[in-house]
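**Student:** Below you'll find the structure I mean.
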Amino acid sequence: MMLRILEGRTRIEEPIFGLSFITAMVLVQLPYEDINGNPVPTIIFHDQPSVFHAFVLAVNFAFTGAVITLCLREEFPKIARNCRRIAVLFSAAAAGILSWAIAPAAYNFVESLLC
């Protein structure tokens, strides 16, 4: 009975997988500029190539952790649990990096509204 209830529940690695995949597809569609030979999106990460590369790495590790968890959760639950932790950790890191990149623009926007 309890097992049937748990089968319908969405686990955290499934939304992480979907969001990281969608993020990668959105990043491909953004306009880029070359900064020191590195493509950097002009919309969010303007003049911040190292922040952009940290964001891409975090999204990549979150995606990889989620995929490995999805593949191994039935047969190797202990390994899947550690991969799930990696996916959650790097998803939080990606959200923090994105917030860090957006914060100056958001501050300037709010400041322009108030002044």
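Ordered as shown in the structure tokens, chains take letters A, B, and onward, while each chain numbers its residues from 1 and ligands are numbered from 1 in the order shown.
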Within 7 Å of segment 96-108 of chain A, which residues of segment 4-51 of chain A show up? Give each one with its shortest atom-to-atom distance in Å (one decimal) and the two atoms involved, counting only C-alpha atoms, rows by chain then rising residue number, as a tab-separated table.

**Tutor:**
residue	atom	partner	partner_atom	distance
A:Ile44	CA	A:Ile102	CA	6.4
A:Phe45	CA	A:Ala101	CA	6.2
A:Val51	CA	A:Ile97	CA	7.0

**Student:** Show me, as a list in words, the residues that have an atom within 10 Å of Asn38 of chain A when counting only C-alpha atoms, minus same-chain residues fewer than 3 positions from it.

**Tutor:**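 Listed by chain and then number, they are Tyr32, Glu33, Asp34, Ile35, Pro41, Pro49, Ser50 and His53 of chain A.
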
**Student:** How far is it from atom CA of Gly65 of chain A to atom CA of Asp47 of chain A, in Å with one decimal?

**Tutor:**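 Distance between the two atoms: 29.3 Å.
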
**Student:** Residues at most 9 Å from Ala87 of chain A, counting only C-alpha atoms, excluding those fewer than 4 positions away in the same chain, as an MDAnalysis selection string?

**Tutor:** chainID A and resid 12:13 16:17 59 61:67 69 82:83 91:92

**Student:** Would you save the residues of that selection, restricted to N, CA, C and O atoms, as a JSON list (two decimals), in the first residue's frame?

**Tutor:**
[["chain", "number", "residue", "atom", "x", "y", "z"],
["A", 12, "ILE", "N", 12.93, 14.73, -6.38],
["A", 12, "ILE", "CA", 13.59, 16.00, -6.66],
["A", 12, "ILE", "C", 14.48, 15.95, -7.91],
["A", 12, "ILE", "O", 14.66, 16.95, -8.58],
["A", 13, "GLU", "N", 15.01, 14.76, -8.23],
["A", 13, "GLU", "CA", 15.90, 14.69, -9.40],
["A", 13, "GLU", "C", 15.15, 14.90, -10.71],
["A", 13, "GLU", "O", 15.74, 15.34, -11.70],
["A", 16, "ILE", "N", 14.88, 18.71, -11.30],
["A", 16, "ILE", "CA", 16.24, 19.19, -11.55],
["A", 16, "ILE", "C", 16.66, 18.83, -12.97],
["A", 16, "ILE", "O", 17.24, 19.66, -13.69],
["A", 17, "PHE", "N", 16.37, 17.61, -13.38],
["A", 17, "PHE", "CA", 16.68, 17.18, -14.74],
["A", 17, "PHE", "C", 15.98, 18.08, -15.75],
["A", 17, "PHE", "O", 16.61, 18.58, -16.69],
["A", 59, "VAL", "N", 25.13, 24.10, -13.71],
["A", 59, "VAL", "CA", 24.00, 23.48, -14.41],
["A", 59, "VAL", "C", 24.40, 22.12, -14.96],
["A", 59, "VAL", "O", 23.62, 21.15, -14.88],
["A", 61, "PHE", "N", 26.74, 20.01, -13.77],
["A", 61, "PHE", "CA", 26.83, 19.04, -12.68],
["A", 61, "PHE", "C", 25.45, 18.69, -12.12],
["A", 61, "PHE", "O", 25.21, 17.54, -11.74],
["A", 62, "ALA", "N", 24.54, 19.65, -12.06],
["A", 62, "ALA", "CA", 23.18, 19.35, -11.61],
["A", 62, "ALA", "C", 22.49, 18.39, -12.57],
["A", 62, "ALA", "O", 21.84, 17.42, -12.14],
["A", 63, "PHE", "N", 22.64, 18.64, -13.86],
["A", 63, "PHE", "CA", 22.05, 17.75, -14.87],
["A", 63, "PHE", "C", 22.64, 16.35, -14.77],
["A", 63, "PHE", "O", 21.92, 15.35, -14.78],
["A", 64, "THR", "N", 23.96, 16.26, -14.66],
["A", 64, "THR", "CA", 24.62, 14.97, -14.60],
["A", 64, "THR", "C", 24.21, 14.19, -13.35],
["A", 64, "THR", "O", 23.93, 12.99, -13.41],
["A", 65, "GLY", "N", 24.16, 14.88, -12.21],
["A", 65, "GLY", "CA", 23.72, 14.22, -10.98],
["A", 65, "GLY", "C", 22.29, 13.71, -11.08],
["A", 65, "GLY", "O", 21.98, 12.61, -10.61],
["A", 66, "ALA", "N", 21.42, 14.49, -11.70],
["A", 66, "ALA", "CA", 20.03, 14.07, -11.85],
["A", 66, "ALA", "C", 19.90, 12.87, -12.79],
["A", 66, "ALA", "O", 19.15, 11.94, -12.50],
["A", 67, "VAL", "N", 20.63, 12.89, -13.88],
["A", 67, "VAL", "CA", 20.56, 11.78, -14.83],
["A", 67, "VAL", "C", 21.09, 10.49, -14.20],
["A", 67, "VAL", "O", 20.47, 9.42, -14.33],
["A", 69, "THR", "N", 21.19, 9.78, -11.06],
["A", 69, "THR", "CA", 20.21, 9.36, -10.05],
["A", 69, "THR", "C", 19.03, 8.64, -10.69],
["A", 69, "THR", "O", 18.59, 7.60, -10.20],
["A", 82, "ASN", "N", 23.66, 9.67, -3.22],
["A", 82, "ASN", "CA", 24.78, 10.62, -3.29],
["A", 82, "ASN", "C", 24.73, 11.46, -4.56],
["A", 82, "ASN", "O", 25.03, 12.66, -4.52],
["A", 83, "CYS", "N", 24.33, 10.87, -5.66],
["A", 83, "CYS", "CA", 24.18, 11.64, -6.90],
["A", 83, "CYS", "C", 23.04, 12.65, -6.78],
["A", 83, "CYS", "O", 23.12, 13.75, -7.32],
["A", 91, "SER", "N", 22.35, 22.50, -8.11],
["A", 91, "SER", "CA", 21.17, 23.30, -8.49],
["A", 91, "SER", "C", 21.08, 24.55, -7.63],
["A", 91, "SER", "O", 20.80, 25.64, -8.13],
["A", 92, "ALA", "N", 21.34, 24.39, -6.35],
["A", 92, "ALA", "CA", 21.35, 25.55, -5.45],
["A", 92, "ALA", "C", 22.49, 26.50, -5.83],
["A", 92, "ALA", "O", 22.32, 27.73, -5.80]]

**Student:** Report as a count of residues only: the residues of chain A with a DSSP assignment of alpha helix (DSSP H), based on the backbone of this structure.

**Tutor:** 85

**Student:** Between atom CA of Ala80 of chain A and atom CA of Ile68 of chain A, what is the distance in Å, rounded to a tenth?

**Tutor:** 6.9 Å

**Student:** Enumerate as a PyMOL selection string all residues of chain A assigned to strand (DSSP E or B) by DSSP on the backbone, naming them with the chain letters and numbers the document uses.

**Tutor:** chain A and resi 32-35+38-41

**Student:** Okay, now the selection with N, CA, C and O atoms, as a short mmCIF file (atom, residue, chain, number, x, y, z; two decimals), in the first residue's frame?

**Tutor:**
data_model
loop_
_atom_site.label_atom_id
_atom_site.label_comp_id
_atom_site.auth_asym_id
_atom_site.auth_seq_id
_atom_site.Cartn_x
_atom_site.Cartn_y
_atom_site.Cartn_z
N TYR A 32 25.08 36.11 -27.97
CA TYR A 32 26.38 36.06 -27.31
C TYR A 32 27.29 37.16 -27.84
O TYR A 32 27.12 37.66 -28.94
N GLU A 33 28.29 37.50 -27.03
CA GLU A 33 29.38 38.35 -27.46
C GLU A 33 30.69 37.68 -27.05
O GLU A 33 30.72 36.90 -26.10
N ASP A 34 31.76 37.96 -27.77
CA ASP A 34 33.06 37.38 -27.45
C ASP A 34 33.80 38.28 -26.47
O ASP A 34 34.01 39.46 -26.75
N ILE A 35 34.18 37.73 -25.32
CA ILE A 35 35.00 38.42 -24.34
C ILE A 35 36.24 37.57 -24.12
O ILE A 35 36.14 36.46 -23.59
N ASN A 38 35.95 34.08 -25.41
CA ASN A 38 34.92 33.23 -24.79
C ASN A 38 33.54 33.80 -25.09
O ASN A 38 33.30 34.99 -24.87
N PRO A 39 32.61 32.98 -25.58
CA PRO A 39 31.25 33.48 -25.79
C PRO A 39 30.52 33.65 -24.45
O PRO A 39 30.52 32.76 -23.61
N VAL A 40 29.93 34.83 -24.27
CA VAL A 40 29.21 35.16 -23.04
C VAL A 40 27.88 35.78 -23.43
O VAL A 40 27.84 36.68 -24.28
N PRO A 41 26.75 35.31 -22.86
CA PRO A 41 25.45 35.92 -23.19
C PRO A 41 25.41 37.40 -22.82
O PRO A 41 25.87 37.80 -21.76
#
